[in-house]
$ cat data.txt   # compact mmCIF, C-alpha atoms
# COMPACT_ATOMS: atom_id res chain seq x y z
CA MET A 1 -51.35 21.08 -9.12
CA LYS A 2 -52.85 18.99 -6.33
CA ASN A 3 -49.58 18.99 -4.38
CA LEU A 4 -48.99 22.75 -4.64
CA CYS A 5 -49.60 25.11 -1.75
CA LYS A 6 -52.53 27.56 -1.94
CA ASP A 7 -50.35 30.55 -2.88
CA CYS A 8 -48.60 28.53 -5.57
CA SER A 9 -51.95 27.34 -6.87
CA LYS A 10 -53.23 30.93 -7.09
CA GLN A 11 -50.07 31.96 -8.89
CA ALA A 12 -50.47 29.09 -11.34
CA VAL A 13 -54.06 30.17 -11.99
CA LYS A 14 -52.90 33.71 -12.75
CA ILE A 15 -50.20 32.47 -15.09
CA MET A 16 -52.63 30.22 -16.93
CA ILE A 17 -55.15 33.03 -17.33
CA VAL A 18 -52.54 35.55 -18.46
CA ASN A 19 -51.08 33.08 -20.94
CA LYS A 20 -54.54 31.84 -21.90
CA VAL A 21 -53.56 28.28 -21.12
CA ASN A 22 -56.41 25.83 -21.28
CA SER A 23 -55.79 23.85 -18.14
CA SER A 24 -59.14 22.09 -18.37
CA ALA A 25 -57.65 19.54 -20.74
CA TYR A 26 -55.06 18.54 -18.14
CA TYR A 27 -56.87 19.34 -14.89
CA PRO A 28 -60.64 19.36 -15.54
CA ASN A 29 -61.59 19.81 -11.85
CA SER A 30 -58.71 22.00 -10.74
CA VAL A 31 -59.02 25.31 -8.96
CA ALA A 32 -57.45 26.98 -11.99
CA THR A 33 -60.08 25.60 -14.34
CA ARG A 34 -62.96 26.59 -12.07
CA TYR A 35 -61.48 30.08 -11.54
CA ALA A 36 -60.85 30.60 -15.25
CA THR A 37 -64.40 29.49 -16.08
CA ALA A 38 -65.90 31.79 -13.44
CA THR A 39 -63.73 34.71 -14.54
CA THR A 40 -64.77 34.25 -18.17
CA ALA A 41 -68.43 34.07 -17.16
CA VAL A 42 -68.17 37.27 -15.10
CA ARG A 43 -66.39 39.12 -17.88
CA GLY A 44 -69.16 38.13 -20.30
CA VAL A 45 -71.83 39.81 -18.20
CA GLN A 46 -72.47 43.38 -19.22
CA LYS A 47 -73.03 45.73 -16.35
CA SER A 48 -75.39 48.63 -16.62
CA ASP A 49 -76.69 51.13 -14.15
CA ALA A 50 -80.44 51.36 -14.11
CA PHE A 51 -83.01 53.06 -11.94
CA THR A 52 -86.56 51.82 -11.80
CA PRO A 53 -88.87 53.99 -9.69
CA SER A 54 -91.47 52.32 -7.51
CA ARG A 55 -95.15 52.32 -8.46
CA GLU A 56 -95.84 55.00 -5.84
CA ALA A 57 -93.07 57.21 -7.21
CA GLN A 58 -94.44 56.86 -10.74
CA THR A 59 -97.94 57.79 -9.56
CA PHE A 60 -96.60 60.75 -7.62
CA SER A 61 -94.61 61.90 -10.64
CA GLU A 62 -97.70 61.70 -12.86
CA MET A 63 -99.76 63.75 -10.39
CA LEU A 64 -96.98 66.29 -10.03
CA ASN A 65 -96.79 66.71 -13.82
CA LYS A 66 -100.56 67.24 -13.99
CA LEU A 67 -100.33 69.92 -11.31
CA LYS A 68 -97.46 71.63 -13.11
CA ASN A 69 -99.49 71.77 -16.31
CA GLU A 70 -102.49 73.35 -14.60
CA SER A 71 -102.77 77.08 -14.21
CA GLU A 72 -102.26 78.47 -10.72
CA VAL A 73 -105.21 80.81 -11.23
CA ARG A 74 -108.64 79.24 -11.34
CA GLN A 75 -110.26 81.42 -13.94
CA ASP A 76 -113.77 80.12 -13.20
CA LYS A 77 -113.48 81.25 -9.55
CA VAL A 78 -112.05 84.61 -10.56
CA ALA A 79 -114.87 85.21 -13.03
CA GLU A 80 -117.50 84.24 -10.44
CA LEU A 81 -116.04 86.55 -7.79
CA GLN A 82 -115.72 89.43 -10.27
CA GLN A 83 -119.37 89.01 -11.20
CA ARG A 84 -120.49 88.91 -7.54
CA ILE A 85 -118.41 91.98 -6.67
CA ALA A 86 -119.73 93.92 -9.70
CA SER A 87 -123.33 93.06 -8.84
CA GLY A 88 -122.87 93.90 -5.13
CA GLN A 89 -123.61 90.35 -3.95
CA TYR A 90 -120.13 89.75 -2.51
CA SER A 91 -119.46 91.04 0.98
CA VAL A 92 -117.07 90.06 3.72
CA SER A 93 -117.66 90.93 7.35
CA ALA A 94 -114.94 92.89 9.12
CA ASP A 95 -114.70 90.19 11.81
CA ASN A 96 -114.09 87.43 9.26
CA LEU A 97 -111.51 89.56 7.46
CA ALA A 98 -109.63 90.35 10.71
CA LEU A 99 -109.73 86.71 11.79
CA SER A 100 -108.40 85.56 8.43
CA LEU A 101 -105.58 88.11 8.51
CA LEU A 102 -104.51 87.15 12.03
CA THR A 103 -104.80 83.39 11.40
CA ASN A 104 -102.71 83.46 8.24
CA ARG A 105 -100.09 85.87 9.58
CA TYR A 106 -99.51 84.46 13.06
$ encode --input "data.txt" --output "structure tokens"
Amino acid sequence: MKNLCKDCSKQAVKIMIVNKVNSSAYYPNSVATRYATATTAVRGVQKSDAFTPSREAQTFSEMLNKLKNESEVRQDKVAELQQRIASGQYSVSADNLALSLLTNRY
């Protein structure tokens, strides 16, 4: 195989692989032997798709799950405000109310 052209050598490699010819016995350092060995090694590797999130993404995901599990209504605040309103201790000035409305709307 040393005297063959590159295309012929490639063709010989393909033929040997297709026919499962063990060329290593005859040509231990040939291109065909090295190619066949590499091809066998690559075929033996199992490929799998995997996704591993970064540490920051894992932390963010944990915090997001905690927020999802919490109630959107803070019952302790609601109870406190209800008590203050019922007892007459809760008052809002008209100026603060107007400012809050304008700030949040515009």
$ atom_distance --input "data.txt" --atom1 "atom CA of A:Asp76" --atom2 "atom CA of A:Ser91"
18.8 Å
$ atom_distance --input "data.txt" --atom1 "atom CA of A:Leu97" --atom2 "atom CA of A:Gln75"
22.9 Å
$ atom_distance --input "data.txt" --atom1 "atom CA of A:Val78" --atom2 "atom CA of A:Ala94"
21.5 Å
